[in-house]
file upload20.csv (CSV, C-alpha atoms)
chain,number,residue,atom,x,y,z
A,21,MET,CA,19.9,6.6,14.3
A,22,LYS,CA,17.0,4.2,13.7
A,23,TYR,CA,17.4,0.8,12.0
A,24,ALA,CA,14.9,-1.1,9.9
A,25,LEU,CA,15.0,-4.5,8.2
A,26,PHE,CA,12.8,-4.1,5.1
A,27,THR,CA,12.0,-7.2,2.9
A,28,GLY,CA,11.0,-6.5,-0.7
A,29,ALA,CA,12.9,-3.2,-0.6
A,30,ALA,CA,14.1,-3.5,-4.2
A,31,GLY,CA,10.5,-3.4,-5.5
A,32,GLY,CA,8.5,-0.4,-6.5
A,33,LEU,CA,6.3,0.1,-3.4
A,34,GLY,CA,8.9,-1.4,-1.0
A,35,GLY,CA,11.7,0.7,-2.6
A,36,ALA,CA,9.7,3.9,-2.4
A,37,SER,CA,8.8,3.3,1.2
A,38,ALA,CA,12.4,2.4,2.1
A,39,LEU,CA,13.7,5.6,0.5
A,40,ALA,CA,11.1,7.6,2.4
A,41,LEU,CA,12.4,6.2,5.7
A,42,ILE,CA,16.0,7.0,4.7
A,43,GLU,CA,14.9,10.6,4.1
A,44,LYS,CA,13.6,10.5,7.7
A,45,GLY,CA,17.1,9.5,9.0
A,46,TRP,CA,16.7,5.8,9.1
A,47,THR,CA,19.2,3.2,8.0
A,48,VAL,CA,17.4,0.6,6.0
A,49,PHE,CA,18.7,-3.0,5.6
A,50,ALA,CA,17.1,-3.6,2.2
A,51,ALA,CA,16.5,-7.4,2.0
A,52,ASP,CA,15.5,-8.7,-1.4
A,53,TYR,CA,16.2,-11.6,-3.8
A,54,ASP,CA,16.6,-9.2,-6.8
A,55,GLU,CA,20.3,-8.5,-6.6
A,56,VAL,CA,20.3,-6.4,-9.8
A,57,ALA,CA,17.6,-4.1,-8.4
A,58,LEU,CA,19.4,-3.8,-5.1
A,59,LYS,CA,22.6,-2.7,-6.8
A,60,LYS,CA,20.8,0.2,-8.5
A,61,LYS,CA,20.2,1.7,-5.1
A,62,ALA,CA,23.4,0.6,-3.4
A,63,ASP,CA,25.0,4.1,-3.6
A,64,ILE,CA,22.2,5.7,-1.6
A,65,VAL,CA,23.4,6.6,1.9
A,66,GLY,CA,21.4,4.7,4.4
A,67,PHE,CA,20.3,2.0,2.0
A,68,VAL,CA,22.2,-1.2,2.9
A,69,PRO,CA,21.4,-3.9,0.3
A,70,ILE,CA,21.3,-7.5,1.4
A,71,LYS,CA,20.4,-10.3,-0.9
A,72,VAL,CA,18.2,-12.8,0.9
A,73,ASP,CA,15.9,-15.7,0.0
A,74,ILE,CA,13.1,-15.6,2.5
A,75,THR,CA,12.2,-19.2,1.6
A,76,ASN,CA,15.5,-20.4,3.1
A,77,MET,CA,16.4,-20.2,6.8
A,78,GLU,CA,20.1,-20.3,6.1
A,79,SER,CA,19.9,-17.3,3.8
A,80,ILE,CA,17.9,-15.4,6.4
A,81,GLU,CA,20.4,-16.3,9.2
A,82,ALA,CA,23.2,-15.1,6.9
A,83,ALA,CA,21.3,-11.8,6.4
A,84,LYS,CA,21.0,-11.4,10.1
A,85,GLN,CA,24.8,-11.7,10.5
A,86,GLU,CA,25.2,-8.9,7.9
A,87,VAL,CA,22.8,-6.7,9.9
A,88,LEU,CA,24.7,-7.5,13.1
A,89,LYS,CA,27.9,-6.0,11.6
A,90,THR,CA,26.2,-2.6,11.9
A,91,THR,CA,23.8,-2.8,14.8
A,92,ASP,CA,22.6,-5.2,17.6
A,93,HIS,CA,19.0,-4.0,17.5
A,94,LEU,CA,16.2,-3.0,15.1
A,95,ASP,CA,13.6,-0.4,15.5
A,96,ALA,CA,11.4,-2.1,12.9
A,97,VAL,CA,11.0,-5.1,10.7
A,98,ILE,CA,8.9,-4.4,7.7
A,99,ASN,CA,7.7,-7.3,5.6
A,100,PHE,CA,6.9,-6.3,2.0
A,101,ALA,CA,8.3,-9.3,0.1
A,102,GLY,CA,5.6,-11.2,-1.8
A,103,ILE,CA,4.4,-12.4,-5.2
A,104,HIS,CA,1.1,-12.3,-7.0
A,105,SER,CA,-0.4,-14.8,-9.4
A,106,MET,CA,-3.9,-15.3,-10.7
A,107,GLY,CA,-5.3,-18.6,-11.9
A,108,SER,CA,-8.0,-21.2,-11.7
A,109,LEU,CA,-8.0,-23.4,-8.6
A,110,ILE,CA,-8.9,-26.5,-10.6
A,111,GLU,CA,-6.5,-26.1,-13.6
A,112,GLY,CA,-2.9,-26.3,-14.4
A,113,ASP,CA,-0.2,-26.8,-11.8
A,114,ILE,CA,-2.2,-25.0,-9.2
A,115,VAL,CA,-0.8,-27.0,-6.2
A,116,LYS,CA,2.8,-25.9,-6.9
A,117,THR,CA,1.6,-22.3,-7.6
A,118,VAL,CA,-0.1,-22.1,-4.2
A,119,GLU,CA,2.7,-23.9,-2.4
A,120,ARG,CA,5.2,-21.3,-3.8
A,121,MET,CA,3.0,-18.4,-2.9
A,122,VAL,CA,2.4,-19.6,0.6
A,123,ASP,CA,6.2,-20.2,1.0
A,124,ILE,CA,7.0,-16.7,0.0
A,125,ASN,CA,4.0,-14.6,1.1
A,126,VAL,CA,3.3,-16.3,4.4
A,127,LEU,CA,6.1,-18.5,5.6
A,128,GLY,CA,8.7,-16.0,4.4
A,129,MET,CA,7.2,-13.4,6.7
A,130,ILE,CA,7.0,-15.9,9.6
A,131,ARG,CA,10.7,-16.9,9.0
A,132,ILE,CA,11.9,-13.2,8.9
A,133,ASN,CA,10.0,-12.3,12.1
A,134,ARG,CA,11.2,-15.4,13.9
A,135,VAL,CA,14.9,-14.8,13.1
A,136,PHE,CA,15.0,-11.1,13.7
A,137,PHE,CA,12.7,-10.9,16.7
A,138,ASP,CA,15.4,-10.8,19.3
A,139,MET,CA,16.8,-7.7,17.6
A,140,VAL,CA,13.4,-6.1,17.6
A,141,LYS,CA,13.0,-6.9,21.3
A,142,LYS,CA,16.3,-5.4,22.1
A,143,GLY,CA,15.5,-2.2,20.2
A,144,ASN,CA,11.9,-2.0,21.7
A,145,GLY,CA,10.9,-1.9,18.0
A,146,ARG,CA,7.9,-3.1,16.1
A,147,ILE,CA,6.9,-5.5,13.3
A,148,ILE,CA,5.0,-4.3,10.3
A,149,ASN,CA,3.3,-6.9,8.0
A,150,CYS,CA,2.1,-6.0,4.6
A,151,SER,CA,-1.2,-7.7,3.9
A,152,SER,CA,-3.7,-6.6,1.2
A,153,GLU,CA,-7.3,-5.6,0.6
A,154,CYS,CA,-7.6,-9.2,-0.6
A,155,GLY,CA,-6.9,-10.3,3.0
A,156,TRP,CA,-10.2,-9.0,4.3
A,157,MET,CA,-12.5,-8.7,1.3
A,158,LYS,CA,-14.5,-11.6,-0.1
A,159,ALA,CA,-12.4,-13.7,-2.3
A,160,GLN,CA,-12.9,-13.1,-6.1
A,161,PRO,CA,-12.8,-15.8,-8.8
A,162,PHE,CA,-9.4,-16.6,-10.3
A,163,ASN,CA,-7.6,-14.6,-7.5
A,164,GLY,CA,-7.8,-17.5,-5.1
A,165,PRO,CA,-4.0,-18.3,-4.8
A,166,TYR,CA,-3.2,-14.7,-3.7
A,167,SER,CA,-6.3,-14.4,-1.5
A,168,ILE,CA,-5.4,-17.6,0.3
A,169,THR,CA,-2.0,-16.2,1.3
A,170,LYS,CA,-3.3,-12.8,2.4
A,171,TYR,CA,-6.1,-14.4,4.5
A,172,ALA,CA,-3.3,-16.3,6.2
A,173,VAL,CA,-1.2,-13.2,6.7
A,174,GLU,CA,-4.3,-11.6,8.3
A,175,ALA,CA,-4.7,-14.4,10.8
A,176,TYR,CA,-0.9,-14.6,11.5
A,177,SER,CA,-0.7,-10.9,12.1
A,178,ASP,CA,-3.6,-10.7,14.4
A,179,SER,CA,-2.4,-13.7,16.5
A,180,LEU,CA,1.1,-12.3,16.5
A,181,ARG,CA,-0.1,-8.8,17.6
A,182,ARG,CA,-2.0,-10.3,20.5
A,183,GLU,CA,1.0,-12.5,21.5
A,184,LEU,CA,3.4,-9.6,21.4
A,185,LEU,CA,1.1,-7.5,23.7
A,186,PHE,CA,2.8,-9.4,26.5
A,187,GLN,CA,6.3,-8.4,25.2
A,188,ASP,CA,5.3,-4.7,24.8
A,189,ILE,CA,6.1,-5.0,21.1
A,190,LYS,CA,3.8,-3.5,18.5
A,191,CYS,CA,2.7,-5.5,15.4
A,192,VAL,CA,1.0,-3.5,12.7
A,193,LYS,CA,-0.9,-4.6,9.6
A,194,ILE,CA,-1.0,-2.6,6.4
A,195,GLN,CA,-3.7,-3.5,3.8
A,196,PRO,CA,-2.9,-1.8,0.5
A,197,GLY,CA,-5.3,-1.5,-2.4
A,198,SER,CA,-4.2,-1.2,-6.0
A,199,PHE,CA,-1.2,0.9,-6.7
A,200,LYS,CA,0.7,1.9,-9.8
A,201,THR,CA,3.7,-0.4,-10.1
A,202,GLN,CA,5.7,-2.2,-12.8
A,203,MET,CA,3.5,-5.3,-11.9
A,204,HIS,CA,0.5,-3.5,-13.4
A,205,GLY,CA,2.3,-3.3,-16.8
A,206,GLN,CA,2.7,-7.1,-16.8
A,207,ALA,CA,-0.9,-7.8,-15.7
A,208,SER,CA,-2.6,-7.7,-19.1
A,209,ALA,CA,0.0,-10.1,-20.6
A,210,ALA,CA,-0.4,-12.4,-17.7
A,211,PHE,CA,-4.2,-12.4,-18.1
A,212,ASP,CA,-3.8,-13.2,-21.8
A,213,LYS,CA,-1.6,-16.2,-20.9
A,214,MET,CA,-4.2,-17.4,-18.5
A,215,ILE,CA,-6.9,-17.2,-21.2
A,216,ASN,CA,-4.8,-19.1,-23.6
A,217,ASN,CA,-4.0,-21.9,-21.1
A,218,THR,CA,-7.5,-22.4,-19.7
A,219,GLU,CA,-9.6,-25.4,-20.7
A,220,TYR,CA,-12.8,-24.4,-18.9
A,221,TYR,CA,-12.9,-20.6,-18.7
A,222,LYS,CA,-11.9,-18.9,-22.0
A,223,LYS,CA,-15.2,-17.0,-22.4
A,224,THR,CA,-15.4,-16.2,-18.7
A,225,LEU,CA,-11.9,-14.9,-18.5
A,226,SER,CA,-12.3,-12.9,-21.7
A,227,LYS,CA,-15.3,-11.2,-20.2
A,228,MET,CA,-13.3,-10.5,-17.0
A,229,LYS,CA,-10.3,-8.9,-18.7
A,230,PRO,CA,-12.0,-5.5,-19.5
A,231,MET,CA,-13.1,-5.3,-15.8
A,232,MET,CA,-9.5,-6.0,-14.7
A,233,LEU,CA,-8.2,-3.2,-17.0
A,234,VAL,CA,-10.7,-0.8,-15.5
A,235,GLU,CA,-9.4,-1.6,-12.1
A,236,LEU,CA,-5.8,-1.1,-13.2
A,237,LYS,CA,-6.6,2.3,-14.6
A,238,MET,CA,-8.0,3.2,-11.1
A,239,ALA,CA,-4.7,2.3,-9.4
A,240,ASN,CA,-3.5,4.8,-6.8
A,241,ASP,CA,-0.4,6.9,-6.5
A,242,PRO,CA,2.2,5.0,-4.3
A,243,LYS,CA,2.6,8.1,-2.1
A,244,TYR,CA,-0.4,7.2,0.0
A,245,LEU,CA,1.1,3.8,0.8
A,246,VAL,CA,4.5,5.3,1.5
A,247,ARG,CA,2.9,7.8,3.9
A,248,ALA,CA,1.2,4.9,5.8
A,249,VAL,CA,4.5,2.9,6.1
A,250,VAL,CA,6.3,5.9,7.5
A,251,GLU,CA,3.6,6.6,10.0
A,252,ALA,CA,3.5,2.9,11.0
A,253,CYS,CA,7.2,3.1,11.7
A,254,GLU,CA,7.5,6.4,13.4
A,255,ALA,CA,4.2,7.0,15.3
A,256,ASP,CA,4.5,6.8,19.0
A,257,LYS,CA,1.2,5.0,19.0
A,258,PRO,CA,0.7,3.4,15.6
A,259,LYS,CA,-2.6,2.0,14.6
A,260,ASN,CA,-3.1,-1.8,14.6
A,261,LEU,CA,-4.2,-1.5,11.0
A,262,TYR,CA,-3.6,0.9,8.1
A,263,ARG,CA,-6.1,0.3,5.3
A,264,VAL,CA,-4.7,2.3,2.3
A,265,LYS,CA,-6.8,3.1,-0.7
A,266,ASN,CA,-8.8,-0.1,-0.8
A,267,SER,CA,-11.3,-0.6,-3.6
A,268,LYS,CA,-14.6,1.1,-2.8
A,269,LEU,CA,-16.4,-1.2,-5.3
A,270,LEU,CA,-15.1,-4.4,-3.8
A,271,GLY,CA,-15.5,-3.0,-0.3
A,272,THR,CA,-19.2,-2.5,-1.0
A,273,LEU,CA,-19.6,-6.2,-1.8
A,274,GLU,CA,-18.8,-6.9,1.9
A,275,PHE,CA,-22.4,-5.8,2.6
A,276,VAL,CA,-24.0,-7.9,-0.1
A,277,PRO,CA,-25.1,-11.5,0.7
A,278,ASP,CA,-22.9,-14.2,-0.9
A,279,LYS,CA,-25.9,-15.6,-2.8
A,280,VAL,CA,-26.5,-12.3,-4.5
A,281,ILE,CA,-22.8,-11.9,-5.4
A,282,ASP,CA,-22.6,-15.4,-6.8
A,283,SER,CA,-25.7,-14.6,-9.0
A,284,ILE,CA,-24.1,-11.4,-10.3
A,285,TYR,CA,-21.0,-13.2,-11.3
A,286,LYS,CA,-22.9,-15.9,-13.0
A,287,VAL,CA,-24.9,-13.4,-15.1
A,288,LEU,CA,-21.9,-11.1,-15.9
A,289,LEU,CA,-19.3,-13.8,-16.6
A,290,LYS,CA,-21.4,-16.8,-17.7
A,291,ASN,CA,-19.3,-19.2,-19.7
A,292,LYS,CA,-21.8,-19.9,-22.5

call {"tool": "encode", "arguments": {"input": "upload20.csv", "output": "structure tokens"}}
result
Amino acid sequence: MKYALFTGAAGGLGGASALALIEKGWTVFAADYDEVALKKKADIVGFVPIKVDITNMESIEAAKQEVLKTTDHLDAVINFAGIHSMGSLIEGDIVKTVERMVDINVLGMIRINRVFFDMVKKGNGRIINCSSECGWMKAQPFNGPYSITKYAVEAYSDSLRRELLFQDIKCVKIQPGSFKTQMHGQASAAFDKMINNTEYYKKTLSKMKPMMLVELKMANDPKYLVRAVVEACEADKPKNLYRVKNSKLLGTLEFVPDKVIDSIYKVLLKNK
């Protein structure tokens, strides 16, 4: 029997990946803040729901005690919990927005790995951190809050991987592109709200919206990400990095000088 602690396991992508592991014979301790979503899967054999707030150390320590009732070791810790928010970096309550996203997307991951590391060590397991294509691609306008957190996840994961070399523990990064989830259904409304609330960028954001909708239509089937998660968990020699269905268009921009990219944005999205 293999055991995994999986944060964000009540969500669409996390949930699908957790179920795929269960089908492979794993027991998954599904850690999530969404108690209602957890209860919907509570009857699945191998799915052990644990409500946890990854911004709170006491909550994480309590979750560990729940896991210890079943096992004293873990074969994997999989960090999928996170939030996404777009917005201007010079408008609104941006400081609180970024603070919250860092607390969940970055510090939440660090807290989980710190608390459960001894169980991973005992099980000779591995740590899997979900980053994003936004963690390695050039940051795009109005996606700054999210990019900030994923750049941080990249640096944290690389440093952790090299540190854990001396403990013979694997640390794997997964960089997903865009996938079809419930979040996509909310994106258009969220973008409209951003347009309505901006003081400086109404025209710019209005021009960006059709581009965003095109990207959403190109979102990928979650099966590709699920496959990568299962491989990262089960492979004898997992890759350091799984880059899954990243945007070819945005990836191409990595080879374009910043001055050129800035000029293109200014022409396409000029505010006047």

call {"tool": "residues_around", "arguments": {"input": "upload20.csv", "residues": "Pro258 (chain A)", "least_positions_apart": "2", "cutoff": "12 Å", "atoms": "all atoms listed in the file", "output": "MDAnalysis selection string"}}
result
chainID A and resid 145:148 189:194 248:256 260:262

call {"tool": "write_last_selection", "arguments": {"input": "upload20.csv", "atoms": "C-alpha atoms", "output": "short mmCIF file (atom, residue, chain, number, x, y, z; two decimals), keeping the file's coordinate frame"}}
result
data_model
loop_
_atom_site.label_atom_id
_atom_site.label_comp_id
_atom_site.auth_asym_id
_atom_site.auth_seq_id
_atom_site.Cartn_x
_atom_site.Cartn_y
_atom_site.Cartn_z
CA GLY A 145 10.90 -1.90 18.00
CA ARG A 146 7.90 -3.10 16.10
CA ILE A 147 6.90 -5.50 13.30
CA ILE A 148 5.00 -4.30 10.30
CA ILE A 189 6.10 -5.00 21.10
CA LYS A 190 3.80 -3.50 18.50
CA CYS A 191 2.70 -5.50 15.40
CA VAL A 192 1.00 -3.50 12.70
CA LYS A 193 -0.90 -4.60 9.60
CA ILE A 194 -1.00 -2.60 6.40
CA ALA A 248 1.20 4.90 5.80
CA VAL A 249 4.50 2.90 6.10
CA VAL A 250 6.30 5.90 7.50
CA GLU A 251 3.60 6.60 10.00
CA ALA A 252 3.50 2.90 11.00
CA CYS A 253 7.20 3.10 11.70
CA GLU A 254 7.50 6.40 13.40
CA ALA A 255 4.20 7.00 15.30
CA ASP A 256 4.50 6.80 19.00
CA ASN A 260 -3.10 -1.80 14.60
CA LEU A 261 -4.20 -1.50 11.00
CA TYR A 262 -3.60 0.90 8.10
#

call {"tool": "closest_residue", "arguments": {"input": "upload20.csv", "among": "A:Trp156, A:Phe211, A:Tyr53, A:Tyr244", "to": "Ser105 (chain A)", "atoms": "only C-alpha atoms"}}
result
A:Phe211

call {"tool": "atom_distance", "arguments": {"input": "upload20.csv", "atom1": "CA of Lys279 (chain A)", "atom2": "CA of Leu225 (chain A)"}}
result
21.0 Å

call {"tool": "atom_distance", "arguments": {"input": "upload20.csv", "atom1": "CA of Lys142 (chain A)", "atom2": "CA of Tyr23 (chain A)"}}
result
11.9 Å

call {"tool": "residues_near_point", "arguments": {"input": "upload20.csv", "point": "(17.7, -0.5, 17.6)", "cutoff": "12 Å", "atoms": "only C-alpha atoms", "output": "number ranges by chain"}}
result
A: 21-25, 46-48, 87-88, 90-97, 136-146

call {"tool": "closest_residue", "arguments": {"input": "upload20.csv", "among": "A:Val122, A:Met106, A:Leu39, A:Leu33", "to": "Asn240 (chain A)", "atoms": "all atoms listed in the file"}}
result
A:Leu33

call {"tool": "residues_around", "arguments": {"input": "upload20.csv", "residues": "Arg263 (chain A)", "least_positions_apart": "5", "cutoff": "10 Å", "atoms": "all atoms listed in the file", "output": "PyMOL selection string"}}
result
chain A and resi 151-153+193-197+245+248
